[in-house]
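K.L.:
Quick one, data.tsv (TSV, C-alpha atoms):
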chain	number	residue	atom	x	y	z
A	276	MET	CA	-140.80	98.80	61.59
A	277	LYS	CA	-141.28	101.75	59.22
A	278	LYS	CA	-137.63	101.59	58.25
A	279	LEU	CA	-138.04	97.88	57.47
A	280	TYR	CA	-141.02	98.55	55.19
A	281	LYS	CA	-139.10	101.39	53.57
A	282	HIS	CA	-136.32	99.05	52.48
A	283	LEU	CA	-138.53	96.02	51.78
A	284	PRO	CA	-138.89	96.64	47.99
A	285	ALA	CA	-135.12	96.93	47.63
A	286	VAL	CA	-134.63	93.74	49.69
A	287	ILE	CA	-137.18	91.85	47.58
A	288	PHE	CA	-135.65	93.09	44.33
A	289	GLY	CA	-132.13	92.25	45.50
A	290	GLY	CA	-133.27	88.80	46.59
A	291	PHE	CA	-134.99	88.21	43.25
A	292	ILE	CA	-131.88	89.22	41.30
A	293	SER	CA	-129.70	87.01	43.51
A	294	VAL	CA	-131.96	83.99	43.04
A	295	MET	CA	-132.09	84.50	39.26
A	296	LEU	CA	-128.29	84.81	39.13
A	297	ILE	CA	-127.84	81.59	41.11
A	298	LEU	CA	-130.29	79.78	38.85
A	299	LEU	CA	-128.47	81.12	35.78
A	300	ILE	CA	-125.24	79.62	37.11
A	301	VAL	CA	-126.50	76.24	38.36
A	302	LEU	CA	-129.23	75.29	35.89
A	303	PRO	CA	-128.21	73.27	32.80
A	304	LYS	CA	-128.03	75.28	29.59
A	305	LYS	CA	-130.19	74.29	26.64
A	306	ASP	CA	-128.92	74.55	23.09
A	307	PHE	CA	-132.33	74.87	21.45
A	308	SER	CA	-135.65	76.48	22.35
A	309	SER	CA	-138.51	74.26	21.15
A	310	SER	CA	-141.06	77.05	21.67
A	311	GLU	CA	-139.11	79.65	19.71
A	312	LYS	CA	-137.64	77.14	17.22
A	313	ARG	CA	-134.17	78.62	17.37
A	314	TYR	CA	-130.74	77.87	18.78
A	315	LEU	CA	-129.89	79.76	21.93
A	316	GLU	CA	-126.83	81.93	22.47
A	317	LYS	CA	-123.79	80.09	23.78
A	318	ALA	CA	-121.52	81.54	26.48
A	319	PRO	CA	-119.14	83.91	24.65
A	320	ALA	CA	-115.41	83.25	24.61
A	321	PHE	CA	-113.43	86.02	26.33
A	322	SER	CA	-110.88	87.97	24.34
A	323	LEU	CA	-109.57	91.52	24.54
A	324	SER	CA	-110.52	92.20	20.92
A	325	ALA	CA	-114.12	91.11	21.60
A	326	VAL	CA	-114.25	93.33	24.69
A	327	PHE	CA	-112.91	96.40	22.91
A	328	SER	CA	-115.20	95.88	19.90
A	329	GLY	CA	-118.25	95.55	22.12
A	330	GLN	CA	-119.05	92.11	20.74
A	331	PHE	CA	-118.36	90.34	24.04
A	332	GLU	CA	-120.84	92.54	25.92
A	333	LYS	CA	-123.51	92.06	23.26
A	334	SER	CA	-123.02	88.28	23.17
A	335	PHE	CA	-123.03	88.07	26.96
A	336	GLU	CA	-126.29	90.02	27.19
A	337	ASN	CA	-127.85	87.66	24.63
A	338	PHE	CA	-126.53	84.67	26.58
A	339	ILE	CA	-128.12	85.90	29.82
A	340	SER	CA	-131.39	86.68	28.05
A	341	ASP	CA	-131.56	83.25	26.40
A	342	HIS	CA	-130.76	81.31	29.58
A	343	THR	CA	-132.74	83.24	32.20
A	344	ALA	CA	-134.62	80.81	34.45
A	345	GLY	CA	-138.23	80.47	33.36
A	346	ARG	CA	-137.53	82.14	30.02
A	347	ASN	CA	-140.67	80.77	28.36
A	348	PHE	CA	-142.80	82.22	31.17
A	349	TRP	CA	-141.21	85.67	30.86
A	350	VAL	CA	-141.47	85.70	27.05
A	351	GLY	CA	-145.13	84.71	27.25
A	352	PHE	CA	-145.85	87.15	30.08
A	353	ASN	CA	-144.32	89.98	28.06
A	354	ALA	CA	-146.42	89.10	24.96
A	355	TYR	CA	-149.73	88.95	26.84
A	356	PHE	CA	-148.91	92.02	28.93
A	357	ASN	CA	-148.21	94.04	25.79
A	358	LYS	CA	-151.47	92.80	24.27
A	359	ALA	CA	-153.38	93.85	27.40
A	360	MET	CA	-151.76	97.30	27.18
A	361	GLY	CA	-152.93	97.72	23.57
A	362	ASN	CA	-149.71	96.72	21.79
A	363	ASN	CA	-150.96	93.68	19.89
A	364	ALA	CA	-147.85	93.05	17.80
A	365	PRO	CA	-144.76	93.70	19.95
A	366	LYS	CA	-142.81	91.11	17.96
A	367	GLY	CA	-144.41	91.76	14.60
A	368	VAL	CA	-147.18	89.17	15.08
A	369	TYR	CA	-150.85	90.04	15.63
A	370	PHE	CA	-152.98	88.03	18.04
A	371	GLY	CA	-156.02	87.63	15.81
A	372	LYS	CA	-159.42	86.02	16.06
A	373	ASP	CA	-159.93	82.26	16.39
A	374	GLY	CA	-156.31	81.72	17.43
A	375	TYR	CA	-154.76	83.19	14.28
A	376	LEU	CA	-151.26	84.61	14.73
A	377	ILE	CA	-150.63	86.83	11.71
A	378	ASN	CA	-147.46	88.61	10.67
A	379	ASP	CA	-147.52	92.40	10.54
A	380	PRO	CA	-147.33	93.76	6.94
A	381	CYS	CA	-143.79	93.46	5.66
A	382	GLU	CA	-141.53	96.34	4.69
A	383	MET	CA	-141.34	96.58	0.88
A	384	THR	CA	-137.59	97.15	1.07
A	385	ASN	CA	-136.42	95.20	-1.99
A	386	PHE	CA	-139.71	94.61	-3.77
A	387	SER	CA	-139.30	96.83	-6.85
A	388	ARG	CA	-135.67	95.84	-7.29
A	389	ASN	CA	-136.48	92.11	-7.02
A	390	ALA	CA	-139.36	92.43	-9.48
A	391	GLY	CA	-136.91	94.00	-11.91
A	392	TYR	CA	-134.43	91.16	-11.41
A	393	LEU	CA	-137.15	88.61	-12.28
A	394	GLU	CA	-138.11	90.47	-15.47
A	395	GLU	CA	-134.46	90.71	-16.54
A	396	PHE	CA	-134.02	86.98	-15.90
A	397	ALA	CA	-137.15	86.12	-17.90
A	398	ALA	CA	-135.94	88.24	-20.83
A	399	ASP	CA	-132.47	86.66	-20.74
A	400	VAL	CA	-133.84	83.12	-20.59
A	401	LYS	CA	-136.27	83.75	-23.43
A	402	GLN	CA	-133.51	85.18	-25.63
A	403	ARG	CA	-131.08	82.35	-24.90
A	404	THR	CA	-133.38	79.34	-24.84
A	405	GLY	CA	-136.96	80.42	-25.56
A	406	THR	CA	-138.01	78.95	-22.23
A	407	PRO	CA	-141.05	80.74	-20.75
A	408	VAL	CA	-140.87	82.08	-17.19
A	409	THR	CA	-143.96	82.34	-14.99
A	410	VAL	CA	-143.94	84.24	-11.69
A	411	ALA	CA	-146.44	83.42	-8.91
A	412	VAL	CA	-146.55	85.24	-5.58
A	413	ALA	CA	-148.40	84.04	-2.49
A	414	PRO	CA	-150.31	86.93	-0.89
A	415	SER	CA	-150.11	87.75	2.82
A	416	THR	CA	-152.12	85.85	5.41
A	417	GLY	CA	-153.41	89.18	6.72
A	418	TYR	CA	-154.64	90.10	3.23
A	419	VAL	CA	-156.53	86.87	2.57
A	420	CYS	CA	-157.72	86.30	6.14
A	421	ALA	CA	-158.46	89.95	6.88
A	422	ASP	CA	-161.46	89.07	9.06
A	423	LYS	CA	-159.09	87.37	11.54
A	424	LEU	CA	-157.05	90.54	12.15
A	425	PRO	CA	-157.50	92.63	15.30
A	426	LYS	CA	-159.43	95.88	14.98
A	427	PHE	CA	-156.28	97.98	14.84
A	428	HIS	CA	-153.55	96.86	12.45
A	429	ASN	CA	-151.25	98.23	9.78
A	430	THR	CA	-152.28	98.26	6.13
A	431	TYR	CA	-151.31	95.34	3.91
A	432	HIS	CA	-149.81	96.28	0.53
A	433	ASP	CA	-150.79	93.24	-1.52
A	434	ASP	CA	-153.00	95.01	-4.06
A	435	GLU	CA	-150.40	97.70	-4.77
A	436	ALA	CA	-147.61	95.11	-4.98
A	437	PHE	CA	-149.50	92.86	-7.40
A	438	ALA	CA	-150.36	95.87	-9.58
A	439	GLU	CA	-146.67	96.77	-9.72
A	440	LEU	CA	-145.78	93.22	-10.76
A	441	ARG	CA	-148.26	93.38	-13.63
A	442	GLU	CA	-146.74	96.65	-14.76
A	443	THR	CA	-143.13	95.44	-14.42
A	444	PHE	CA	-143.45	92.10	-16.20
A	445	LYS	CA	-143.23	92.40	-19.97
A	446	THR	CA	-141.57	89.07	-20.71
A	447	ALA	CA	-142.34	87.11	-17.55
A	448	ALA	CA	-145.89	85.78	-17.27
A	449	PHE	CA	-147.65	86.61	-14.02
A	450	ALA	CA	-149.98	84.17	-12.24
A	451	ASP	CA	-152.16	86.06	-9.76
A	452	LEU	CA	-153.00	83.79	-6.80
A	453	ARG	CA	-155.08	86.25	-4.80
A	454	SER	CA	-158.50	85.36	-6.13
A	455	CYS	CA	-158.17	81.57	-5.86
A	456	LEU	CA	-157.07	81.78	-2.23
A	457	GLN	CA	-159.71	84.36	-1.31
A	458	THR	CA	-162.42	82.21	-2.92
A	459	ALA	CA	-161.24	79.05	-1.17
A	460	TYR	CA	-161.13	80.91	2.14
A	461	ALA	CA	-164.58	82.45	1.62
A	462	ASP	CA	-165.91	78.91	1.02
A	463	GLY	CA	-164.85	77.98	4.56
A	464	ASN	CA	-161.49	76.33	3.85
A	465	GLN	CA	-158.37	77.01	5.90
A	466	VAL	CA	-155.80	78.22	3.36
A	467	PHE	CA	-153.19	79.57	5.80
A	468	TYR	CA	-152.09	78.08	9.10
A	469	ARG	CA	-153.16	79.73	12.34
A	470	THR	CA	-149.70	79.45	13.91
A	471	ASP	CA	-147.47	79.62	10.84
A	472	HIS	CA	-146.88	82.00	7.91
A	473	HIS	CA	-147.17	79.29	5.22
A	474	TRP	CA	-150.25	78.23	3.33
A	475	THR	CA	-151.86	74.94	4.33
A	476	ALA	CA	-152.01	71.82	2.15
A	477	TYR	CA	-155.40	73.09	0.93
A	478	GLY	CA	-153.99	76.55	0.25
A	479	ALA	CA	-151.14	75.03	-1.77
A	480	TYR	CA	-153.65	72.84	-3.62
A	481	SER	CA	-155.71	75.94	-4.49
A	482	ALA	CA	-152.61	77.59	-5.93
A	483	TYR	CA	-151.74	74.40	-7.84
A	484	ARG	CA	-155.19	74.38	-9.47
A	485	GLU	CA	-154.84	78.05	-10.42
A	486	LEU	CA	-151.39	77.47	-11.94
A	487	GLY	CA	-152.75	74.79	-14.26
A	488	SER	CA	-153.93	77.33	-16.83
A	489	ALA	CA	-150.68	79.32	-16.61
A	490	LEU	CA	-148.37	76.30	-16.95
A	491	GLY	CA	-150.55	74.20	-19.25
A	492	TYR	CA	-151.52	71.13	-17.22
A	493	THR	CA	-154.88	69.75	-16.09
A	494	PRO	CA	-154.96	69.72	-12.27
A	495	ASN	CA	-155.89	66.58	-10.39
A	496	ASP	CA	-159.22	66.46	-8.63
A	497	GLU	CA	-159.04	66.75	-4.87
A	498	SER	CA	-160.37	63.19	-4.56
A	499	VAL	CA	-157.11	61.81	-6.02
A	500	TYR	CA	-155.24	62.48	-2.79
A	501	THR	CA	-155.08	60.58	0.46
A	502	LYS	CA	-155.23	63.26	3.16
A	503	THR	CA	-153.60	62.53	6.50
A	504	PRO	CA	-153.68	65.09	9.34
A	505	TYR	CA	-150.91	65.15	11.95
A	506	PRO	CA	-151.65	67.01	15.21
A	507	GLY	CA	-149.39	69.11	17.42
A	508	PHE	CA	-148.15	71.60	14.83
A	509	TYR	CA	-146.85	74.97	16.04
A	510	GLY	CA	-145.39	77.18	13.32
A	511	THR	CA	-143.17	80.21	12.89
A	512	THR	CA	-145.63	82.90	13.96
A	513	TYR	CA	-146.27	81.01	17.19
A	514	SER	CA	-142.54	80.77	17.83
A	515	THR	CA	-141.99	84.46	17.20
A	516	SER	CA	-145.00	85.80	19.07
A	517	GLY	CA	-144.69	84.45	22.62
A	518	PHE	CA	-148.43	83.73	22.68
A	519	TRP	CA	-147.85	80.29	24.17
A	520	MET	CA	-151.50	79.63	25.14
A	521	VAL	CA	-152.68	79.42	21.53
A	522	PRO	CA	-153.64	75.79	20.77
A	523	SER	CA	-151.73	73.70	18.26
A	524	GLU	CA	-153.18	72.67	14.90
A	525	ASN	CA	-152.94	69.89	12.34
A	526	ILE	CA	-150.48	69.78	9.48
A	527	GLU	CA	-151.75	67.70	6.56
A	528	VAL	CA	-150.04	65.53	3.98
A	529	TRP	CA	-151.90	65.11	0.69
A	530	ASP	CA	-150.37	62.07	-0.97
A	531	ASN	CA	-151.19	60.73	-4.43
A	532	PRO	CA	-150.85	56.93	-4.03
A	533	ALA	CA	-150.03	56.65	-7.75
A	534	ASN	CA	-146.64	58.22	-7.02
A	535	ASP	CA	-145.58	55.70	-4.39
A	536	GLU	CA	-143.45	53.68	-6.83
A	537	THR	CA	-142.68	56.32	-9.45
A	538	VAL	CA	-141.18	59.36	-7.70
A	539	SER	CA	-137.60	59.89	-6.54
A	540	VAL	CA	-136.09	62.88	-4.75
A	541	THR	CA	-132.41	63.86	-4.78
A	542	ILE	CA	-131.29	66.74	-2.56
A	543	THR	CA	-127.84	68.28	-2.97
A	544	ASP	CA	-126.68	70.46	-0.10
A	545	GLY	CA	-122.94	71.12	-0.30
A	546	ASP	CA	-121.17	67.77	-0.05
A	547	LYS	CA	-124.29	66.14	1.35
A	548	VAL	CA	-126.63	64.21	-0.95
A	549	ILE	CA	-130.00	62.88	0.23
A	550	GLU	CA	-131.95	60.40	-1.87
A	551	GLN	CA	-135.46	59.17	-1.15
A	552	LYS	CA	-138.35	57.52	-3.01
A	553	ASN	CA	-140.91	59.85	-1.46
A	554	MET	CA	-141.61	63.60	-1.45
A	555	PHE	CA	-142.63	63.55	2.22
A	556	PHE	CA	-140.02	63.25	4.96
A	557	TYR	CA	-142.13	61.83	7.77
A	558	SER	CA	-139.37	61.83	10.40
A	559	HIS	CA	-139.86	65.61	10.73
A	560	LEU	CA	-143.34	65.01	12.15
A	561	ASP	CA	-141.64	63.89	15.39
A	562	GLU	CA	-139.70	67.15	15.62
A	563	ASP	CA	-140.58	70.61	16.91
A	564	ASP	CA	-140.70	72.03	13.38
A	565	LYS	CA	-142.98	69.80	11.30
A	566	TYR	CA	-143.15	71.85	8.09
A	567	PRO	CA	-140.01	70.17	6.62
A	568	VAL	CA	-142.19	67.07	6.17
A	569	TYR	CA	-142.55	68.65	2.73
A	570	LEU	CA	-139.38	67.88	0.74
A	571	ASP	CA	-137.14	68.08	3.84
A	572	GLY	CA	-137.29	71.87	4.12
A	573	ASN	CA	-134.81	74.40	2.73
A	574	HIS	CA	-131.98	73.12	0.53
A	575	PRO	CA	-130.00	74.74	-2.32
A	576	TYR	CA	-130.78	72.23	-5.07
A	577	THR	CA	-133.42	69.51	-5.23
A	578	VAL	CA	-134.41	67.26	-8.14
A	579	ILE	CA	-137.74	65.39	-8.23
A	580	LYS	CA	-138.30	62.80	-10.95
A	581	ASN	CA	-141.53	61.01	-11.81
A	582	THR	CA	-141.34	58.14	-14.29
A	583	LYS	CA	-145.11	58.21	-14.88
A	584	ALA	CA	-145.78	61.94	-15.03
A	585	THR	CA	-148.47	63.18	-17.42
A	586	SER	CA	-145.76	64.79	-19.59
A	587	ASP	CA	-142.05	64.42	-20.27
A	588	LYS	CA	-141.46	68.13	-19.61
A	589	LYS	CA	-138.82	69.49	-17.27
A	590	LEU	CA	-139.71	72.32	-14.87
A	591	MET	CA	-137.40	74.57	-12.85
A	592	VAL	CA	-138.89	76.06	-9.67
A	593	ILE	CA	-137.05	79.04	-8.19
A	594	LYS	CA	-138.54	79.40	-4.77
A	595	ASP	CA	-138.83	80.06	-1.09
A	596	SER	CA	-140.37	77.59	1.37
A	597	PHE	CA	-143.93	78.12	0.10
A	598	ALA	CA	-143.02	75.86	-2.83
A	599	HIS	CA	-142.32	72.88	-0.58
A	600	SER	CA	-146.00	72.04	-0.07
A	601	LEU	CA	-146.91	72.95	-3.69
A	602	VAL	CA	-144.28	71.04	-5.67
A	603	PRO	CA	-145.62	67.56	-4.68
A	604	TYR	CA	-148.79	68.41	-6.63
A	605	LEU	CA	-146.77	69.64	-9.64
A	606	ALA	CA	-144.72	66.42	-9.70
A	607	ASP	CA	-147.66	64.59	-11.28
A	608	HIS	CA	-147.26	66.67	-14.44
A	609	TYR	CA	-143.48	66.85	-14.99
A	610	SER	CA	-141.00	64.07	-15.52
A	611	GLU	CA	-138.41	66.20	-13.72
A	612	ILE	CA	-138.56	69.23	-11.45
A	613	ILE	CA	-135.41	71.13	-10.50
A	614	MET	CA	-136.01	73.16	-7.35
A	615	VAL	CA	-133.54	75.96	-6.53
A	616	ASP	CA	-133.36	78.19	-3.46
A	617	LEU	CA	-131.36	81.36	-4.19
A	618	ARG	CA	-130.73	81.96	-0.49
A	619	TYR	CA	-128.35	78.99	-0.56
A	620	PHE	CA	-127.43	78.68	-4.25
A	621	ALA	CA	-125.21	81.16	-6.07
A	622	ASN	CA	-124.68	79.71	-9.58
A	623	PRO	CA	-126.31	81.57	-12.52
A	624	LEU	CA	-129.64	79.92	-13.27
A	625	SER	CA	-129.80	80.91	-16.94
A	626	ASP	CA	-126.88	78.56	-17.58
A	627	ILE	CA	-128.69	75.71	-15.81
A	628	VAL	CA	-131.89	76.30	-17.78
A	629	GLU	CA	-129.86	76.02	-20.98
A	630	LYS	CA	-127.69	73.08	-19.89
A	631	GLU	CA	-130.56	71.01	-18.46
A	632	LYS	CA	-132.91	71.83	-21.36
A	633	VAL	CA	-135.61	73.08	-19.01
A	634	ASP	CA	-139.02	73.46	-20.70
A	635	GLN	CA	-140.62	75.87	-18.22
A	636	VAL	CA	-139.55	78.02	-15.27
A	637	LEU	CA	-141.78	78.85	-12.31
A	638	VAL	CA	-140.69	81.51	-9.83
A	639	LEU	CA	-142.68	81.09	-6.62
A	640	TYR	CA	-142.26	83.40	-3.62
A	641	SER	CA	-144.38	84.69	-0.79
A	642	LEU	CA	-144.95	88.43	-0.96
A	643	ASP	CA	-143.02	88.91	2.30
A	644	ASN	CA	-139.92	87.20	0.95
A	645	LEU	CA	-140.06	88.83	-2.46
A	646	ALA	CA	-140.32	92.22	-0.74
A	647	THR	CA	-137.37	91.70	1.62
A	648	ASP	CA	-135.05	88.99	0.25
A	649	ASP	CA	-131.63	90.25	-0.82
A	650	SER	CA	-130.64	87.06	-2.68
A	651	VAL	CA	-132.96	87.39	-5.70
A	652	GLY	CA	-130.25	89.30	-7.54
A	653	ARG	CA	-128.36	86.01	-7.91
A	654	ILE	CA	-130.96	84.73	-10.34
A	655	GLY	CA	-129.09	85.81	-13.45
Could I get this structure in the form of structure tokens?
P.N.:
Amino acid sequence: MKKLYKHLPAVIFGGFISVMLILLIVLPKKDFSSSEKRYLEKAPAFSLSAVFSGQFEKSFENFISDHTAGRNFWVGFNAYFNKAMGNNAPKGVYFGKDGYLINDPCEMTNFSRNAGYLEEFAADVKQRTGTPVTVAVAPSTGYVCADKLPKFHNTYHDDEAFAELRETFKTAAFADLRSCLQTAYADGNQVFYRTDHHWTAYGAYSAYRELGSALGYTPNDESVYTKTPYPGFYGTTYSTSGFWMVPSENIEVWDNPANDETVSVTITDGDKVIEQKNMFFYSHLDEDDKYPVYLDGNHPYTVIKNTKATSDKKLMVIKDSFAHSLVPYLADHYSEIIMVDLRYFANPLSDIVEKEKVDQVLVLYSLDNLATDDSVGRIG
């Protein structure tokens, strides 16, 4: 009997591994993880070159990891176990108060270089066309919602980064969005999502109001918009974290009914062209990732026209995804908005500003993306 007990752990472990291997073989393989919002690794194709390079082994390990039976349980178990052991951000996401999942402060890898690129672009555009360039940067969730952070966390660099931007920009105008978001948050408004890194519809509206003085328009009153909440939203920080027991939240659409018959959207993505008479793509609300309800998500080149805008000016927005929920507010004030994402668009933008006779340029990034993105150098 003692010998049996002695070998029992090995027997249990061997049985567990055998069962998991059988399940890996027989269970159907999913292409997409709805919880993690990403495509899963496919079974790697065997080749001698892949074996000798080590790529086959790496791909096979990823395939096994992605298709392990009960993967969601194990990912969640690992996240909550690490939290219980005092490691609150094993995947770079803090489990904060009131269900907030907040990204760890970003590495400032490319920040100074990217700030320099923006100043060079602003100087070039001003010399060639006289078109003014305004830069706005969305601060970190952890900076604005600091009271939601756990007791122990890394230091956010927003104040130092914004001070550097002020020092760097000589030609580019700088719109500081920290105060407006902090004030809105202090007044009890949710300006960032609990489960996502983006600002909410109210956060984007707060930034839109602040940008009015920088860009020269009079912002609409909040009462202008029809606000419709849609439940069941889980964002990017939820998907990354593994904290699956955090409740979902609402994503809101603020629609100005006056634009229903006056706005058109044309999206160019390679050979694909999408045209729609609405800035909100409601079909995405039925999907796992609902944020693309705003202007259909990330695309290289998007044009929004409004035949009854308050001016006949043309605005270029050079952006990351934070602009998607902000641009629908701006569309009331510009007859045309050209929206460009440098991550997917490589043509020099100074030429487009000149060719399209753009009146104003707005560069809008989150601090995290401006600090880490390696595509900003294409802006020239």
K.L.:
Report, in Å with one decimal, the straight-line distance from CA of Asn385 in chain A to CA of Leu490 in chain A.
P.N.:
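Taking CA of Asn385 in chain A and CA of Leu490 in chain A, their separation equals 26.9 Å.
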K.L.:
Of the candidates A:Ser516, A:Asn357, A:Gln635, A:Asn622, which shows the shortest atom-to-atom distance to Gly652 in chain A, using only C-alpha atoms?
P.N.:
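The closest residue to Gly652 in chain A is A:Asn622.
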K.L.:
Hey, what's within 12 Å of Pro623 in chain A if we count all atoms listed in the file and toss same-chain stuff fewer than 5 positions away? As an MDAnalysis selection string, please?
P.N.:
chainID A and resid 396 399:400 593 615:617 628:630 651:655
K.L.:
Quick one: residues within 7 Å of range 536-552 of chain A, only C-alpha atoms, excluding same-chain residues fewer than 3 positions away - as an NGL selection string?
P.N.:
:A and (574-583)
K.L.:
From the options A:Tyr609, A:Tyr640, A:Phe386, A:Phe427, which residue's atoms come nearest to Gly491 in chain A, counting all atoms listed in the file?
P.N.:
A:Tyr609
K.L.:
Between A:Thr443, A:Thr511, A:Asn495, A:Thr416, which has the minimum distance to Val466 in chain A (counting all atoms listed in the file)?
P.N.:
A:Thr416
